Amino acid sequence: MSALDPRLVRRARPVRRLLALDAALGVAAALLVLAQAALLARVAARGFAGVPLAELTLPLVLLVAASAGRALLSWGFEVVGRRAASDVLSQLRLDVVERRLRDRPAALDAVESADVATAAVAGVDALEATFARYLPQLALATVVPIAVIAFAAVIDPLTAGLMLLTLPLVPVFMWLVGRHTERRTRERWETLARLSTHFLDVVRGLPTLRAYNRGAVQAERIAAVSDDYRRATMGTLRVAFLSGTVLELAATMGIALVAVTVGVRLVEGGLGFEAGLTVLVLAPELYLPLRNLAAQYHASADGRAVSARLLDLLDEPPEVVPGSRRPPDVRAVPIRLEAVSFSYPGRLGTVLDRVHLELAPGETVALVGPSGSGKTTLASLLLHLAEPTSGRITVGGVDLAGCDAGAWRSQIAWVPQHPTLFRGTVADTIRLGDAAASDARVAEAAALAGAAEFVSELPGGYGTIVGDGGRQLSAGQVERLALARAFLRDAGLVILDEPTANLDRRSAGLVEEAIDRLRVGRTVLLVAHSPELTALADRVVTLTAGRLVEAVRVVAA
Amino acid sequence: MSASAARLVELARLPRSRIALSLLLGTLAVGFAVGLLATAGYLISRAAEQPPILSLTVAIVLVRFLGLARPIARYADRLASHDLALRGLGRIRAAVFERIEPLAPGQLDGYRRGDLLARMVDDVDALQGLYVRGLGPPVVALVVGAACVGVTAAVLPAAAGILALGLLVAGVAVPWLSAALCRTAGRRQAVARGALTADLVELLRGAPELVVYGQEEGALARVRELDRELSRSGRRDALVAGIGDALTILVTGLTTAAVLAVAVSASAKGTLDPVLVATLALLALASFEAVAPLAAAARELSATFASGSRVLALVDRSPAIEDPLSPLPAPPRDATVALNGVTAGYSGEPPVVRDLRLTLAPRRKIALVGPSGAGKTTVTRLLLRFLDPAAGTVTIAGRDLREYAQADVRRHFAIAGQEAYVFDSTIRENLRLARSEASDAQLRAVLRRAGLDDWVASLPDGLDTQVGEEGSHLSGGQRQRLTLARALLADAPVLVLDEPTAHLDPATARSVMDDVLDAADGRSVLLITHRAEGLERMDEIVALDAT
């Protein structure tokens, strides 16, 4: 049962000292197991022989010390293991984040972001099961049986032989675990997760269920579905638990076998009582670590899933290949899309199909088309958040692909379809456009974007905390703050992605006025639906199913 | 805590015979293990006196029996306790659903924001551990522990006292201490984790904007700082994490040594048969198997109880809306629906709708327009009686909604559009919600009227196509049309169209609106919208002002 992803093993390299410490603790624990057995047997055997307690003080004190030592080691395992888990996950999460910003900056959606973030933080609990429990147990399960049998061989070779005889059960057990538990149990857990999702789905849709008077029926269905699942799962568990039972059988029958043979040999006088008692106390220890290992293996399954989720993200190919050339100034030269096609890797169909488009300096172009026609993808390519699958984008004749992405993006102001409000003050939010901007410039940008009025009505003005956990803003207000960012940026190229899509007429009007101010002296690509917005453009181009089908000149409004 | 535990167990309505069976098997499994080691100790102690071998027969048979019986009992115990946990999960889910069903949507509003609803579902899931950790292990520990102490007391009362003390410390004090320490550490961790998670979500979602505005370094620095903080507090908390198990090991060792010392001394004084020295020591050592799982169980149980109290707080809410004692018969199909000076809102907030007057005569088409936040969704809720007005009345056929049975009121309306939920299931299942016995021909008929028949016919799985979570496999237009087809299937006299064109581009919006209004022929229509599509086909337009 290879429990560890080789990628995770590689990532564990920085904590190998901690893991070595774990192994050392394992050896020490094994020695204490032996000592405890021997001391317990000594005191009991001497007491049996009538030796008074006073003469047994030393072994008794040592026995207590051995217990204390084992307690200390168990604590050490936990502390060291947690430390290792936390270090590994910390490095992993920083790598995931850096990777995303550097090579794959295209957005994760809300659900995915929450998923990855949760895995990257709460995943430490799951990884602890691997590092703080599974790995130490692996060390114990390797060292303890060898130590026990070796020690038994010194005291009573016959018993050591008996113990060796039960060992072949271990491979049988391994086979059972590897074969059954892994795949089937995973399937079961997946079904369980699906059931949980089903329950969530039904609860979310409760208003609709009630509107159709179907609420009460669903309760019966939930019970029925859960019960079907239980029956199927119990079928799997009946087989899955057999592996643990085989090990347990090896352990208990081992104890019984040792007890009976030792008893018979004691009667015949072939063995001393203390030796017999020592091997009896040792017998349960032979399989204990292995049994615990089997239990920990299942507990660490979550950890494997979490780390796999994060490691998979690191294995994804980069979407943007770094370049070094300085791109020309976009205010002076045209941007040209030359036969640009794009398709998402692993997904069918092309999003953009041989698109040709030229944006002249200072020109405002509206890009229209039905939902899903590739407008946002086209914007991403211009922002160099992704690269064309074929064809190229040139700026004054220079291919964007070889250019330094940071230098290129520094010439662009962008208002995405759903702007992100990072937690911070209103001023911080606007300063995303230019971190060094003075308060006066921030206020000026807000005024140009039509945001100054509502900001001044906020209780904290520009110091009001917005974003997650902060003050809730309406979609129109967020849109205007994102526009203020773009004003503050003072960039040569402005890309606006459906800035009025979800606004009521009044808010949309304010945003349109702001855009009309912003476009002066800049090249603007305006992804738009509404006729009011397209009226602002010098030119309207239509994208349908990934193809640019028409380019109509209209009289500038 | 125990009162709420009892209520949670009662909520699950687990069969008593199953609980008893599981407890019995658990007790046998642990009891057999203790018995095996103690009997083995007795066997070789007695053998050391070199009696005739026949006198050992009983002990030998018992050791073999226990060696075989223990794994079998343990196997049966694991199966029984898992069976019980799964039964509990299904029953708790159904029970919670039954209790919250009458609360939706008004009294669940607090759960709509963020992932609170998902957390509620996780809370319910967490309750399955209640028996496996909360009830089973303590009872087994109590029974087996008492038996061990009893057996010891029969031969050496002094040793029994020591054993009882040791078991109490390991079974009560250590789990309590461990749970308390971990709770404190857990709270600290939760704060640090929450901060980092929130920052990460923001960074991952907003990555394109950070990169475009060249501010990724600042965001990364903040994440690194929060990460360092979390690691620091994690390191501190790791120190308390392993304490429970370590203390259990320590107490086990101390108790065994003390029992051994007392036994040796009694044997030397002649008050204890020497044969029993090793037996008592091994019995004491093995008896801790019964209490060892309690420390971990207590830690997990405190989390389970936190989940449990949140679930109880939810199911304890009593529905704000109930049926009258003797409801009127269902209203006729061609009844007039009216809002008469209705003022309504949500508790503790200013009213969302003020003095609204609206009369929807049979087969009339009325549009309700207004900016976002003007209370349009509240009107839907009022009509379906998910919410009662604070002042004024909603009437069908001139009688207050509160005089009818809720089911009859809801049968009078069918809702399509933004607020209508699309379930993660097949097209067929989503439609049949409105009429469970509908034939495929009827389903195709409503799909045709909603303009979806060609699309559904083109799908390889047809009506059995999965639509994804909240209809995510569908385009915005398809989603709206599907809710419309469902509303048509319900064949209610009044069709409520709640923002049927939200998030659609103008061309799609126009074609959806046209199909919707064609399909609605012969019914009254209330169109709730902030957009212009379809308004020209309305008989009347009512404007709602933002409050």
# chains A, B, ... in the order shown; residues from 1 in each chain; ligands from 1

call {"tool": "closest_atom_pairs", "arguments": {"of": "chain B", "to": "chain A", "cutoff": "6 Å", "atoms": "only C-alpha atoms", "output": "CSV"}}
result
residue,atom,partner,partner_atom,distance
B:Ala40,CA,A:Ala259,CA,5.5
B:Ile44,CA,A:Gly263,CA,4.7
B:Ala47,CA,A:Val267,CA,5.1
B:Ala48,CA,A:Leu266,CA,5.3
B:Gln50,CA,A:Val267,CA,4.3
B:Val63,CA,A:Ala256,CA,5.6
B:Arg64,CA,A:Ala256,CA,5.6
B:Gly67,CA,A:Thr252,CA,4.6
B:Pro71,CA,A:Leu249,CA,5.5
B:Leu86,CA,A:Arg230,CA,5.8
B:Gly90,CA,A:Ser226,CA,4.8
B:Ala94,CA,A:Ala219,CA,5.0
B:Glu98,CA,A:Ala219,CA,5.9
B:Ala104,CA,A:Pro207,CA,5.7
B:Pro105,CA,A:Pro207,CA,5.4
B:Thr197,CA,A:Ala117,CA,5.5
B:Leu200,CA,A:Ala117,CA,5.5
B:Val201,CA,A:Ser113,CA,5.2
B:Leu204,CA,A:Ser113,CA,5.6
B:Arg205,CA,A:Leu108,CA,5.5
B:Gly206,CA,A:Thr420,CA,5.6
B:Ala207,CA,A:Pro105,CA,5.6
B:Pro208,CA,A:Pro105,CA,5.2
B:Val212,CA,A:Arg409,CA,5.2
B:Tyr213,CA,A:Gly433,CA,5.9
B:Ala238,CA,A:Val79,CA,5.2
B:Leu239,CA,A:Val79,CA,5.8
B:Gly242,CA,A:Trp75,CA,4.8
B:Ala246,CA,A:Ala71,CA,4.3
B:Ile249,CA,A:Ala71,CA,5.3
B:Leu250,CA,A:Ala68,CA,5.4
B:Gly253,CA,A:Ser67,CA,4.9
B:Leu254,CA,A:Val64,CA,5.8
B:Val264,CA,A:Gly47,CA,4.8
B:Ser265,CA,A:Leu53,CA,5.4
B:Ala268,CA,A:Gly50,CA,5.4
B:Pro274,CA,A:Phe48,CA,4.8
B:Ala278,CA,A:Ala44,CA,5.3
B:Pro371,CA,A:Asp504,CA,5.7
B:Ala407,CA,A:Asn213,CA,6.0
B:Arg410,CA,A:Ala211,CA,5.6
B:Ala420,CA,A:Thr208,CA,5.8
B:Tyr421,CA,A:Gly205,CA,5.4
B:Ala434,CA,A:Tyr212,CA,5.7

call {"tool": "write_last_selection", "arguments": {"atoms": "C-alpha atoms", "output": "PDB file, in the first residue's frame"}}
result
ATOM      1  CA  ALA B  40      -3.046 -15.807  29.257  1.00  0.00           C
ATOM      2  CA  ILE B  44       1.367 -19.229  32.389  1.00  0.00           C
ATOM      3  CA  ALA B  47       1.749 -23.397  34.593  1.00  0.00           C
ATOM      4  CA  ALA B  48       4.866 -22.114  36.330  1.00  0.00           C
ATOM      5  CA  GLN B  50       3.991 -27.127  37.291  1.00  0.00           C
ATOM      6  CA  VAL B  63      -7.387 -18.484  25.818  1.00  0.00           C
ATOM      7  CA  ARG B  64      -7.972 -20.106  22.432  1.00  0.00           C
ATOM      8  CA  GLY B  67      -8.115 -15.386  20.732  1.00  0.00           C
ATOM      9  CA  PRO B  71     -11.391 -10.447  16.141  1.00  0.00           C
ATOM     10  CA  LEU B  86     -25.066   5.760   8.333  1.00  0.00           C
ATOM     11  CA  GLY B  90     -29.940   9.539   6.660  1.00  0.00           C
ATOM     12  CA  ALA B  94     -34.541  13.793   6.608  1.00  0.00           C
ATOM     13  CA  GLU B  98     -38.703  18.195   7.496  1.00  0.00           C
ATOM     14  CA  ALA B 104     -38.059  28.429   3.658  1.00  0.00           C
ATOM     15  CA  PRO B 105     -37.413  30.889   2.291  1.00  0.00           C
ATOM     16  CA  THR B 197      -8.304  31.624   3.551  1.00  0.00           C
ATOM     17  CA  LEU B 200      -6.211  33.428  -0.653  1.00  0.00           C
ATOM     18  CA  VAL B 201      -9.714  33.334  -2.117  1.00  0.00           C
ATOM     19  CA  LEU B 204      -6.987  33.537  -6.568  1.00  0.00           C
ATOM     20  CA  ARG B 205     -10.160  35.193  -7.811  1.00  0.00           C
ATOM     21  CA  GLY B 206      -8.608  38.540  -8.435  1.00  0.00           C
ATOM     22  CA  ALA B 207      -5.339  37.185  -9.844  1.00  0.00           C
ATOM     23  CA  PRO B 208      -5.948  38.659 -13.322  1.00  0.00           C
ATOM     24  CA  VAL B 212      -2.732  43.489 -14.972  1.00  0.00           C
ATOM     25  CA  TYR B 213      -2.256  46.266 -12.422  1.00  0.00           C
ATOM     26  CA  ALA B 238       0.921  21.459  18.123  1.00  0.00           C
ATOM     27  CA  LEU B 239       2.323  21.357  21.649  1.00  0.00           C
ATOM     28  CA  GLY B 242      -0.587  15.241  21.416  1.00  0.00           C
ATOM     29  CA  ALA B 246       0.624  10.963  25.833  1.00  0.00           C
ATOM     30  CA  ILE B 249       0.036   6.213  27.925  1.00  0.00           C
ATOM     31  CA  LEU B 250       1.569   7.650  31.081  1.00  0.00           C
ATOM     32  CA  GLY B 253       2.030   2.740  32.781  1.00  0.00           C
ATOM     33  CA  LEU B 254       1.724   4.259  36.259  1.00  0.00           C
ATOM     34  CA  VAL B 264       3.660  -8.211  44.799  1.00  0.00           C
ATOM     35  CA  SER B 265       3.460  -6.855  48.303  1.00  0.00           C
ATOM     36  CA  ALA B 268       4.709 -11.527  49.840  1.00  0.00           C
ATOM     37  CA  PRO B 274       1.109 -15.565  43.772  1.00  0.00           C
ATOM     38  CA  ALA B 278       0.874 -11.379  36.809  1.00  0.00           C
ATOM     39  CA  PRO B 371     -34.572  49.353 -10.037  1.00  0.00           C
ATOM     40  CA  ALA B 407     -50.781  24.470  -0.825  1.00  0.00           C
ATOM     41  CA  ARG B 410     -49.182  28.025  -4.254  1.00  0.00           C
ATOM     42  CA  ALA B 420     -36.729  29.632  -9.777  1.00  0.00           C
ATOM     43  CA  TYR B 421     -34.110  27.071  -8.814  1.00  0.00           C
ATOM     44  CA  ALA B 434     -44.299  20.786 -11.302  1.00  0.00           C
TER      45      ALA B 434
END

call {"tool": "residues_around", "arguments": {"residues": "Asp315 in chain A", "least_positions_apart": "3", "cutoff": "12 Å", "atoms": "only C-alpha atoms", "output": "ChimeraX atom specification"}}
result
/A:7,95-96,99-100,103-104,308-312,318

call {"tool": "write_last_selection", "arguments": {"atoms": "C-alpha atoms", "output": "short mmCIF file (atom, residue, chain, number, x, y, z; two decimals), in the first residue's frame"}}
result
data_model
loop_
_atom_site.label_atom_id
_atom_site.label_comp_id
_atom_site.auth_asym_id
_atom_site.auth_seq_id
_atom_site.Cartn_x
_atom_site.Cartn_y
_atom_site.Cartn_z
CA ARG A 7 5.38 14.33 -5.70
CA ASP A 95 3.98 27.80 -4.55
CA VAL A 96 0.42 27.39 -5.79
CA ARG A 99 2.47 29.82 -9.85
CA ARG A 100 -1.00 31.20 -10.44
CA ASP A 103 2.16 31.42 -15.22
CA ARG A 104 -1.62 31.03 -15.07
CA ALA A 308 -3.07 15.76 -4.87
CA ARG A 309 -5.48 18.63 -5.54
CA LEU A 310 -2.77 21.21 -4.91
CA LEU A 311 0.00 19.26 -6.62
CA ASP A 312 -2.19 18.88 -9.72
CA PRO A 318 1.81 27.60 -17.96
#

call {"tool": "residues_around", "arguments": {"residues": "Gly145 in chain B", "least_positions_apart": "2", "cutoff": "9 Å", "atoms": "only C-alpha atoms", "output": "list in words"}}
result
Val140, Ala141, Leu142, Val143, Ala147, Cys148, Val149, Gly150, Leu163, Ala164, Leu167, Leu168, Ser287, Phe288, Ala290 and Val291 of chain B

call {"tool": "residues_around", "arguments": {"residues": "range 386-390 of chain A", "least_positions_apart": "5", "cutoff": "10 Å", "atoms": "only C-alpha atoms", "output": "PDB file with N, CA and C atoms, in the first residue's frame"}}
result
ATOM      1  N   ASP A 103       2.331  32.160 -13.970  1.00  0.00           N
ATOM      2  CA  ASP A 103       2.155  31.415 -15.219  1.00  0.00           C
ATOM      3  C   ASP A 103       0.711  31.254 -15.660  1.00  0.00           C
ATOM      4  N   ARG A 104      -0.219  31.292 -14.717  1.00  0.00           N
ATOM      5  CA  ARG A 104      -1.616  31.030 -15.069  1.00  0.00           C
ATOM      6  C   ARG A 104      -2.521  32.069 -14.434  1.00  0.00           C
ATOM      7  N   PRO A 105      -2.345  33.330 -14.811  1.00  0.00           N
ATOM      8  CA  PRO A 105      -3.091  34.379 -14.120  1.00  0.00           C
ATOM      9  C   PRO A 105      -4.578  34.405 -14.464  1.00  0.00           C
ATOM     10  N   ALA A 106      -5.012  33.643 -15.474  1.00  0.00           N
ATOM     11  CA  ALA A 106      -6.430  33.677 -15.826  1.00  0.00           C
ATOM     12  C   ALA A 106      -7.254  33.285 -14.604  1.00  0.00           C
ATOM     13  N   PRO A 318       2.008  26.147 -18.042  1.00  0.00           N
ATOM     14  CA  PRO A 318       1.805  27.604 -17.963  1.00  0.00           C
ATOM     15  C   PRO A 318       0.973  28.106 -19.138  1.00  0.00           C
ATOM     16  N   GLU A 319       0.161  29.117 -18.881  1.00  0.00           N
ATOM     17  CA  GLU A 319      -0.642  29.709 -19.947  1.00  0.00           C
ATOM     18  C   GLU A 319       0.090  30.873 -20.598  1.00  0.00           C
ATOM     19  N   VAL A 320       1.039  31.417 -19.862  1.00  0.00           N
ATOM     20  CA  VAL A 320       1.788  32.552 -20.388  1.00  0.00           C
ATOM     21  C   VAL A 320       3.269  32.219 -20.305  1.00  0.00           C
ATOM     22  N   VAL A 321       3.951  32.265 -21.460  1.00  0.00           N
ATOM     23  CA  VAL A 321       5.390  32.008 -21.475  1.00  0.00           C
ATOM     24  C   VAL A 321       6.101  33.343 -21.295  1.00  0.00           C
ATOM     25  N   LEU A 337      -4.587  41.916 -34.273  1.00  0.00           N
ATOM     26  CA  LEU A 337      -4.802  40.482 -34.066  1.00  0.00           C
ATOM     27  C   LEU A 337      -4.731  39.836 -35.438  1.00  0.00           C
ATOM     28  N   GLU A 338      -3.786  38.907 -35.612  1.00  0.00           N
ATOM     29  CA  GLU A 338      -3.589  38.298 -36.926  1.00  0.00           C
ATOM     30  C   GLU A 338      -3.953  36.824 -36.859  1.00  0.00           C
ATOM     31  N   ALA A 339      -5.099  36.472 -37.441  1.00  0.00           N
ATOM     32  CA  ALA A 339      -5.588  35.084 -37.503  1.00  0.00           C
ATOM     33  C   ALA A 339      -5.517  34.403 -36.135  1.00  0.00           C
ATOM     34  N   VAL A 340      -5.984  35.108 -35.119  1.00  0.00           N
ATOM     35  CA  VAL A 340      -5.874  34.594 -33.757  1.00  0.00           C
ATOM     36  C   VAL A 340      -6.967  33.559 -33.478  1.00  0.00           C
ATOM     37  N   SER A 341      -6.523  32.367 -33.083  1.00  0.00           N
ATOM     38  CA  SER A 341      -7.469  31.335 -32.659  1.00  0.00           C
ATOM     39  C   SER A 341      -7.162  30.965 -31.217  1.00  0.00           C
ATOM     40  N   PHE A 342      -8.187  30.547 -30.518  1.00  0.00           N
ATOM     41  CA  PHE A 342      -7.963  30.107 -29.137  1.00  0.00           C
ATOM     42  C   PHE A 342      -8.919  28.983 -28.788  1.00  0.00           C
ATOM     43  N   SER A 343      -8.375  27.951 -28.140  1.00  0.00           N
ATOM     44  CA  SER A 343      -9.253  26.926 -27.572  1.00  0.00           C
ATOM     45  C   SER A 343      -8.666  26.522 -26.231  1.00  0.00           C
ATOM     46  N   TYR A 344      -9.554  26.201 -25.295  1.00  0.00           N
ATOM     47  CA  TYR A 344      -9.084  25.789 -23.979  1.00  0.00           C
ATOM     48  C   TYR A 344      -8.548  24.379 -24.062  1.00  0.00           C
ATOM     49  N   PRO A 345      -7.366  24.136 -23.478  1.00  0.00           N
ATOM     50  CA  PRO A 345      -6.813  22.783 -23.532  1.00  0.00           C
ATOM     51  C   PRO A 345      -7.783  21.800 -22.870  1.00  0.00           C
ATOM     52  N   THR A 350     -13.393  25.564 -30.630  1.00  0.00           N
ATOM     53  CA  THR A 350     -12.549  26.738 -30.543  1.00  0.00           C
ATOM     54  C   THR A 350     -13.382  27.901 -30.037  1.00  0.00           C
ATOM     55  N   LEU A 352     -12.109  31.156 -30.157  1.00  0.00           N
ATOM     56  CA  LEU A 352     -11.877  32.172 -31.187  1.00  0.00           C
ATOM     57  C   LEU A 352     -11.342  31.467 -32.425  1.00  0.00           C
ATOM     58  N   ASP A 353     -11.843  31.865 -33.579  1.00  0.00           N
ATOM     59  CA  ASP A 353     -11.485  31.163 -34.799  1.00  0.00           C
ATOM     60  C   ASP A 353     -10.930  32.160 -35.826  1.00  0.00           C
ATOM     61  N   ARG A 354      -9.624  32.193 -35.985  1.00  0.00           N
ATOM     62  CA  ARG A 354      -8.927  33.042 -36.963  1.00  0.00           C
ATOM     63  C   ARG A 354      -9.483  34.477 -36.989  1.00  0.00           C
ATOM     64  N   THR A 377     -12.661  36.174 -23.782  1.00  0.00           N
ATOM     65  CA  THR A 377     -11.414  35.487 -24.126  1.00  0.00           C
ATOM     66  C   THR A 377     -10.517  36.406 -24.937  1.00  0.00           C
ATOM     67  N   LEU A 378     -11.120  37.128 -25.885  1.00  0.00           N
ATOM     68  CA  LEU A 378     -10.335  38.045 -26.704  1.00  0.00           C
ATOM     69  C   LEU A 378      -9.663  39.103 -25.819  1.00  0.00           C
ATOM     70  N   ALA A 379     -10.412  39.595 -24.837  1.00  0.00           N
ATOM     71  CA  ALA A 379      -9.839  40.577 -23.914  1.00  0.00           C
ATOM     72  C   ALA A 379      -8.668  39.962 -23.143  1.00  0.00           C
ATOM     73  N   SER A 380      -8.819  38.707 -22.690  1.00  0.00           N
ATOM     74  CA  SER A 380      -7.745  38.032 -21.942  1.00  0.00           C
ATOM     75  C   SER A 380      -6.479  37.930 -22.780  1.00  0.00           C
ATOM     76  N   LEU A 381      -6.637  37.645 -24.068  1.00  0.00           N
ATOM     77  CA  LEU A 381      -5.467  37.517 -24.936  1.00  0.00           C
ATOM     78  C   LEU A 381      -4.767  38.868 -25.075  1.00  0.00           C
ATOM     79  N   LEU A 400       3.512  40.085 -29.440  1.00  0.00           N
ATOM     80  CA  LEU A 400       3.291  40.191 -28.001  1.00  0.00           C
ATOM     81  C   LEU A 400       3.888  38.999 -27.258  1.00  0.00           C
ATOM     82  N   ALA A 401       3.962  37.849 -27.949  1.00  0.00           N
ATOM     83  CA  ALA A 401       4.400  36.620 -27.286  1.00  0.00           C
ATOM     84  C   ALA A 401       5.817  36.734 -26.740  1.00  0.00           C
TER      85      ALA A 401
END

call {"tool": "residues_around", "arguments": {"residues": "range 348-360 of chain B", "least_positions_apart": "5", "cutoff": "12 Å", "atoms": "only C-alpha atoms", "output": "PyMOL selection string"}}
result
chain B and resi 334-343+365-368+370+372-383+387-398+493-496+523-527+538-547

call {"tool": "write_last_selection", "arguments": {"atoms": "C-alpha atoms", "output": "PDB file, in the first residue's frame"}}
result
ATOM      1  CA  ASP B 334     -60.439  32.620 -12.946  1.00  0.00           C
ATOM      2  CA  ALA B 335     -60.113  34.522  -9.683  1.00  0.00           C
ATOM      3  CA  THR B 336     -58.714  38.031  -9.447  1.00  0.00           C
ATOM      4  CA  VAL B 337     -55.474  38.403  -7.471  1.00  0.00           C
ATOM      5  CA  ALA B 338     -54.937  41.698  -5.678  1.00  0.00           C
ATOM      6  CA  LEU B 339     -52.463  43.439  -3.414  1.00  0.00           C
ATOM      7  CA  ASN B 340     -54.376  45.990  -1.378  1.00  0.00           C
ATOM      8  CA  GLY B 341     -52.138  48.656   0.138  1.00  0.00           C
ATOM      9  CA  VAL B 342     -49.496  46.113   1.077  1.00  0.00           C
ATOM     10  CA  THR B 343     -46.535  47.103   3.226  1.00  0.00           C
ATOM     11  CA  LYS B 365     -50.678  40.881 -18.281  1.00  0.00           C
ATOM     12  CA  ILE B 366     -49.091  43.273 -15.816  1.00  0.00           C
ATOM     13  CA  ALA B 367     -45.437  44.293 -15.611  1.00  0.00           C
ATOM     14  CA  LEU B 368     -43.893  45.328 -12.323  1.00  0.00           C
ATOM     15  CA  GLY B 370     -38.273  49.115 -10.845  1.00  0.00           C
ATOM     16  CA  SER B 372     -32.756  46.668  -8.051  1.00  0.00           C
ATOM     17  CA  GLY B 373     -33.610  46.782  -4.356  1.00  0.00           C
ATOM     18  CA  ALA B 374     -37.147  48.050  -4.957  1.00  0.00           C
ATOM     19  CA  GLY B 375     -38.718  44.925  -3.507  1.00  0.00           C
ATOM     20  CA  LYS B 376     -39.721  43.072  -6.660  1.00  0.00           C
ATOM     21  CA  THR B 377     -38.720  39.683  -5.239  1.00  0.00           C
ATOM     22  CA  THR B 378     -40.654  40.494  -2.086  1.00  0.00           C
ATOM     23  CA  VAL B 379     -43.816  40.738  -4.183  1.00  0.00           C
ATOM     24  CA  THR B 380     -43.244  37.172  -5.410  1.00  0.00           C
ATOM     25  CA  ARG B 381     -42.867  36.026  -1.846  1.00  0.00           C
ATOM     26  CA  LEU B 382     -46.041  37.784  -0.800  1.00  0.00           C
ATOM     27  CA  LEU B 383     -48.022  36.111  -3.591  1.00  0.00           C
ATOM     28  CA  LEU B 387     -44.154  36.209   3.632  1.00  0.00           C
ATOM     29  CA  ASP B 388     -47.180  37.871   5.243  1.00  0.00           C
ATOM     30  CA  PRO B 389     -47.707  41.611   4.827  1.00  0.00           C
ATOM     31  CA  ALA B 390     -47.140  43.901   7.801  1.00  0.00           C
ATOM     32  CA  ALA B 391     -50.098  45.990   6.655  1.00  0.00           C
ATOM     33  CA  GLY B 392     -52.704  45.585   3.909  1.00  0.00           C
ATOM     34  CA  THR B 393     -53.821  42.292   2.382  1.00  0.00           C
ATOM     35  CA  VAL B 394     -53.078  39.993  -0.504  1.00  0.00           C
ATOM     36  CA  THR B 395     -56.283  38.452  -1.829  1.00  0.00           C
ATOM     37  CA  ILE B 396     -57.432  35.824  -4.298  1.00  0.00           C
ATOM     38  CA  ALA B 397     -61.100  36.066  -5.275  1.00  0.00           C
ATOM     39  CA  GLY B 398     -61.478  38.781  -2.681  1.00  0.00           C
ATOM     40  CA  PRO B 493     -53.766  30.174 -13.621  1.00  0.00           C
ATOM     41  CA  VAL B 494     -51.170  32.863 -12.825  1.00  0.00           C
ATOM     42  CA  LEU B 495     -47.678  32.883 -14.306  1.00  0.00           C
ATOM     43  CA  VAL B 496     -45.130  34.927 -12.346  1.00  0.00           C
ATOM     44  CA  ARG B 523     -53.111  32.815 -18.228  1.00  0.00           C
ATOM     45  CA  SER B 524     -52.667  35.916 -16.133  1.00  0.00           C
ATOM     46  CA  VAL B 525     -49.073  37.115 -16.211  1.00  0.00           C
ATOM     47  CA  LEU B 526     -47.132  39.147 -13.703  1.00  0.00           C
ATOM     48  CA  LEU B 527     -43.799  40.140 -15.240  1.00  0.00           C
ATOM     49  CA  MET B 538     -48.254  44.185 -21.348  1.00  0.00           C
ATOM     50  CA  ASP B 539     -51.734  45.442 -20.529  1.00  0.00           C
ATOM     51  CA  GLU B 540     -50.451  47.551 -17.669  1.00  0.00           C
ATOM     52  CA  ILE B 541     -47.120  48.632 -16.226  1.00  0.00           C
ATOM     53  CA  VAL B 542     -46.723  49.274 -12.496  1.00  0.00           C
ATOM     54  CA  ALA B 543     -43.570  51.055 -11.324  1.00  0.00           C
ATOM     55  CA  LEU B 544     -41.985  50.270  -7.975  1.00  0.00           C
ATOM     56  CA  ASP B 545     -39.795  52.975  -6.511  1.00  0.00           C
ATOM     57  CA  ALA B 546     -36.580  52.269  -4.709  1.00  0.00           C
ATOM     58  CA  THR B 547     -37.067  52.786  -0.995  1.00  0.00           C
TER      59      THR B 547
END

call {"tool": "select_by_dssp", "arguments": {"residues": "range 104-283 of chain B", "states": "alpha helix (DSSP H)", "output": "PyMOL selection string"}}
result
chain B and resi 116-126+129+136-155+157-168+174-205+207-212+216-241+243-269+275-283

call {"tool": "atom_distance", "arguments": {"atom1": "CA of Ala436 in chain A", "atom2": "CA of Glu225 in chain B"}}
result
21.7 Å

call {"tool": "closest_residue", "arguments": {"among": "A:Ala152, A:Val88, A:Ala35, A:Leu162", "to": "Ala12 in chain A", "atoms": "only C-alpha atoms"}}
result
A:Val88

call {"tool": "residues_around", "arguments": {"residues": "Ile155 in chain A", "least_positions_apart": "3", "cutoff": "8 Å", "atoms": "only C-alpha atoms", "output": "JSON, numbers by chain"}}
result
{"A": [151, 152, 275, 279]}

call {"tool": "select_by_dssp", "arguments": {"residues": "range 382-437 of chain B", "states": "strand (DSSP E or B)", "output": "list in words"}}
result
Ala391, Gly392, Thr393, Val394, Thr395, Ile396, Arg399, Asp400, Tyr404, Phe413, Ala414, Ile415, Ala416, Gly417 and Thr426 of chain B
